[in-house]
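Some notes on the structure that comes next.
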Amino acid sequence: MNPAQKALWFIESHLADELTLDEIAGIAGISRFHMVRAFAAATGLSVMRYVRTRRLSEAARALAGGAPDILTLALEADYGSHEAFTRAFRDHFGVTPEVVRRSTCLDKFTLQEAIVMDSTVIDNLQAPRFQTGKAFLVAGVGERYACESSAGIPGQWQRFHQTVENIPGRIGKVTYGVCCNGDDAGNFDYIAGVEVSDFSDLPREFSRVRIPEQRYAVFTHRDHVSTIRRTVNTIWNQWLPASGLKAADAPFFERYDENFDPLTGNGGLEIWIPVKE
């Protein structure tokens with residue numbers, strides 16, 4: 001298991017939380033010494049510098065979008081005061097937060113994007129089981145992504161966990177990561193959500209998707225969630241072409257049961273791919 005990949009997943013899915021090098025190294029299962037060197041070798045950045053620049057970059061985006069409360073952004077970026085945040089922001093970007101908010105433009109700034117996790121194929125993909133899944137409804141936090149921007153998904157899960165208690169009509173404890181509404185350019189919607197009984201009382205800020213009754217190839221991903229891109233890539237680019245099956249035009253999804261720990265990323269998950277003869 002690549003500790004830098006584990007660290008990247010944990011940072012991106014907990015970016016608004018207090019983060020320490022000890023905690024990140026603990027999640028990756030290695031020492032601080034090992035974490036510092038492994039992360040730098042993989043990314044060219046120190047761990048905590050990556051955390052700081054990611055937070056400042058997200059704050060800059062929020063400011064350019066007109067965020068009214070700089071103190072709230074400062075606290076979300078783990079700065080204890082408006083002054084400390086402004087000093088760090090100016091040191092990094094060369095201007096104050098107020099200047100970015102007034103300009104509403106980030107063209108002249110170099111932002112630290114989320115680093116995309118490893119998506120190389122794996123050699124030991126376990127054969128799937130086949131199952132006909134029932135029709136059901138999913139509601140949650142939705143975002144639209146291009147292929148190159150999907151590194152933002154861990155952060156989306158963090159927002160989901162902060163708001164899941166506000167989703168009415170929830171059924172069970174299982175959570176779903178649903179990919180749907182893809183287009184020819186590779187853009188797609190991703191919904192981090194839960195099964196619900198209906199959409200009638202669902203607040204407007206939540207996204208929704210109807211999953212039809214469908215036959216699926218169900219793959220078990222037992223490794224850390226940070227390596228899911230490798231499993232998905234192997235399914236689509238190796239297993240499916242060799243299977244004699246075709247992908248059905250329907251949503252595919254990740255299924256996270258009670259064994260999955262959203263704090264550590266351990267516990268495993270299932271990947272449900274809709275298929276047809």
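How things are named: the first chain in the structure tokens is A, the next is B, and so on; residues count from 1 in each chain; ligands count from 1 in the order shown.
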Compile a residue-level contact table for region 106-140 of chain A against region 41-62 of chain A at a cut-off of 7 Å, reporting for every qualifying residue the shortest atom pair and its distance in Å to one decimal, with only C-alpha atoms counted, rows ordered by chain and ascending number, as a tab-separated table.
residue	atom	partner	partner_atom	distance
A:Leu111	CA	A:Ser57	CA	5.2
A:Gln112	CA	A:Arg54	CA	5.4
A:Glu113	CA	A:Arg54	CA	6.8
Selection: 8 Å around region 26-33 of chain A, only C-alpha atoms, excl. self and same-chain fewer than 4 positions, as a list of chain:residue names
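The filter keeps A:Pro3, A:Ala4, A:Lys6, A:Ala7, A:Phe10, A:Leu21, A:Asp22, A:Arg37, A:Thr264.
When only C-alpha atoms are used to compute distances to Glu195 (chain A), the closest of the residues A:Gly267, A:Gly140, A:Pro212, A:Gly65 turns out to be A:Gly140.
For the atom pair formed by CA of Gly268 (chain A) and CA of Thr231 (chain A), the distance is 12.0 Å, given to one decimal.
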Between A:Leu8, A:Ile70, A:Leu263, A:Cys180, single out the one closest to Ala40 (chain A), counting only C-alpha atoms.
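Selected residue with least distance to Ala40 (chain A): A:Leu8.
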Using only C-alpha atoms, determine which residues lie at most 12 Å from Ile122 (chain A), disregarding the query and same-chain residues fewer than 3 positions distant; provide the list as a PyMOL selection string.
chain A and resi 118-119+125-126+221+223+227-239
Which residue, A:Phe130, A:Tyr176, A:Phe206, A:Tyr79, has the smallest gap to Leu245 (chain A) when you use only C-alpha atoms?
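Smallest distance to Leu245 (chain A) is found for A:Phe130.
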Closest of A:Ala247, A:Glu213, A:Tyr190, A:Lys173 to Phe260 (chain A) - atom-to-atom distances counting only C-alpha atoms:
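Closest to Phe260 (chain A) of all the choices is A:Lys173.
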DSSP-assigned strand (DSSP E) members of region 158-213 of chain A, reported as a PyMOL selection string
chain A and resi 170-180+188-196+207-211
Export of prior selection with N, CA, C and O atoms as a short mmCIF file (atom, residue, chain, number, x, y, z; two decimals), in the first residue's frame:
data_model
loop_
_atom_site.label_atom_id
_atom_site.label_comp_id
_atom_site.auth_asym_id
_atom_site.auth_seq_id
_atom_site.Cartn_x
_atom_site.Cartn_y
_atom_site.Cartn_z
N ARG A 170 -34.26 8.81 5.22
CA ARG A 170 -33.13 7.90 5.01
C ARG A 170 -33.53 6.46 5.35
O ARG A 170 -34.23 6.21 6.33
N ILE A 171 -33.03 5.53 4.52
CA ILE A 171 -33.26 4.10 4.75
C ILE A 171 -31.92 3.42 5.00
O ILE A 171 -31.05 3.42 4.13
N GLY A 172 -31.74 2.83 6.18
CA GLY A 172 -30.54 2.08 6.48
C GLY A 172 -29.31 2.94 6.69
O GLY A 172 -29.37 4.17 6.70
N LYS A 173 -28.16 2.27 6.85
CA LYS A 173 -26.90 2.94 7.14
C LYS A 173 -25.91 2.91 5.98
O LYS A 173 -24.83 3.50 6.06
N VAL A 174 -26.26 2.20 4.91
CA VAL A 174 -25.36 2.10 3.77
C VAL A 174 -25.26 3.45 3.06
O VAL A 174 -26.26 4.17 2.93
N THR A 175 -24.06 3.80 2.60
CA THR A 175 -23.89 5.01 1.79
C THR A 175 -23.44 4.62 0.38
O THR A 175 -22.89 3.54 0.16
N TYR A 176 -23.71 5.52 -0.56
CA TYR A 176 -23.46 5.24 -1.97
C TYR A 176 -22.71 6.40 -2.62
O TYR A 176 -23.00 7.58 -2.34
N GLY A 177 -21.78 6.06 -3.50
CA GLY A 177 -21.14 7.03 -4.36
C GLY A 177 -21.56 6.73 -5.79
O GLY A 177 -21.07 5.76 -6.39
N VAL A 178 -22.49 7.52 -6.33
CA VAL A 178 -23.13 7.21 -7.60
C VAL A 178 -22.55 8.07 -8.73
O VAL A 178 -22.51 9.30 -8.63
N CYS A 179 -22.10 7.42 -9.80
CA CYS A 179 -21.66 8.11 -11.02
C CYS A 179 -22.78 8.03 -12.05
O CYS A 179 -23.25 6.93 -12.38
N CYS A 180 -23.20 9.17 -12.55
CA CYS A 180 -24.34 9.19 -13.48
C CYS A 180 -24.24 10.40 -14.40
O CYS A 180 -23.40 11.27 -14.22
N PHE A 188 -19.12 13.93 -15.72
CA PHE A 188 -20.12 13.09 -15.05
C PHE A 188 -20.54 13.73 -13.73
O PHE A 188 -19.82 14.56 -13.16
N ASP A 189 -21.72 13.34 -13.26
CA ASP A 189 -22.19 13.74 -11.94
C ASP A 189 -21.81 12.66 -10.94
O ASP A 189 -21.91 11.46 -11.23
N TYR A 190 -21.39 13.08 -9.76
CA TYR A 190 -21.09 12.14 -8.68
C TYR A 190 -21.90 12.57 -7.46
O TYR A 190 -21.84 13.72 -7.04
N ILE A 191 -22.68 11.64 -6.93
CA ILE A 191 -23.51 11.92 -5.76
C ILE A 191 -23.06 11.05 -4.61
O ILE A 191 -23.07 9.81 -4.71
N ALA A 192 -22.65 11.67 -3.52
CA ALA A 192 -22.36 10.97 -2.28
C ALA A 192 -23.65 11.00 -1.47
O ALA A 192 -24.10 12.06 -1.05
N GLY A 193 -24.27 9.83 -1.29
CA GLY A 193 -25.60 9.88 -0.70
C GLY A 193 -26.02 8.61 0.02
O GLY A 193 -25.22 7.70 0.25
N VAL A 194 -27.30 8.59 0.36
CA VAL A 194 -27.92 7.47 1.06
C VAL A 194 -29.23 7.13 0.37
O VAL A 194 -29.81 7.95 -0.37
N GLU A 195 -29.72 5.92 0.61
CA GLU A 195 -31.03 5.54 0.08
C GLU A 195 -32.10 6.28 0.88
O GLU A 195 -32.02 6.41 2.11
N VAL A 196 -33.12 6.77 0.16
CA VAL A 196 -34.24 7.46 0.81
C VAL A 196 -35.55 6.86 0.31
O VAL A 196 -35.61 6.22 -0.75
N SER A 207 -28.80 16.71 -4.01
CA SER A 207 -28.98 16.10 -5.32
C SER A 207 -29.71 14.78 -5.17
O SER A 207 -29.77 14.20 -4.08
N ARG A 208 -30.25 14.28 -6.27
CA ARG A 208 -31.04 13.05 -6.23
C ARG A 208 -30.83 12.26 -7.51
O ARG A 208 -30.57 12.83 -8.57
N VAL A 209 -30.96 10.95 -7.41
CA VAL A 209 -30.85 10.09 -8.59
C VAL A 209 -31.67 8.83 -8.36
O VAL A 209 -31.71 8.29 -7.24
N ARG A 210 -32.36 8.39 -9.41
CA ARG A 210 -33.12 7.14 -9.37
C ARG A 210 -32.26 6.03 -9.96
O ARG A 210 -31.82 6.13 -11.10
N ILE A 211 -32.03 4.99 -9.19
CA ILE A 211 -31.27 3.84 -9.66
C ILE A 211 -32.28 2.79 -10.13
O ILE A 211 -33.10 2.32 -9.34
#
Of A:Gln214, A:Ser13, A:Gln5, A:Asn187, the one nearest to Arg159 (chain A) when counting only C-alpha atoms is A:Ser13
Enumerate, as a ChimeraX atom specification, the complete set of residues in region 107-217 of chain A that a backbone-based DSSP assignment places in helix (DSSP H, G or I).
/A:147-166
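Of note, CA of Ala139 (chain A) and CA of Phe199 (chain A) are spaced 7.8 Å apart.
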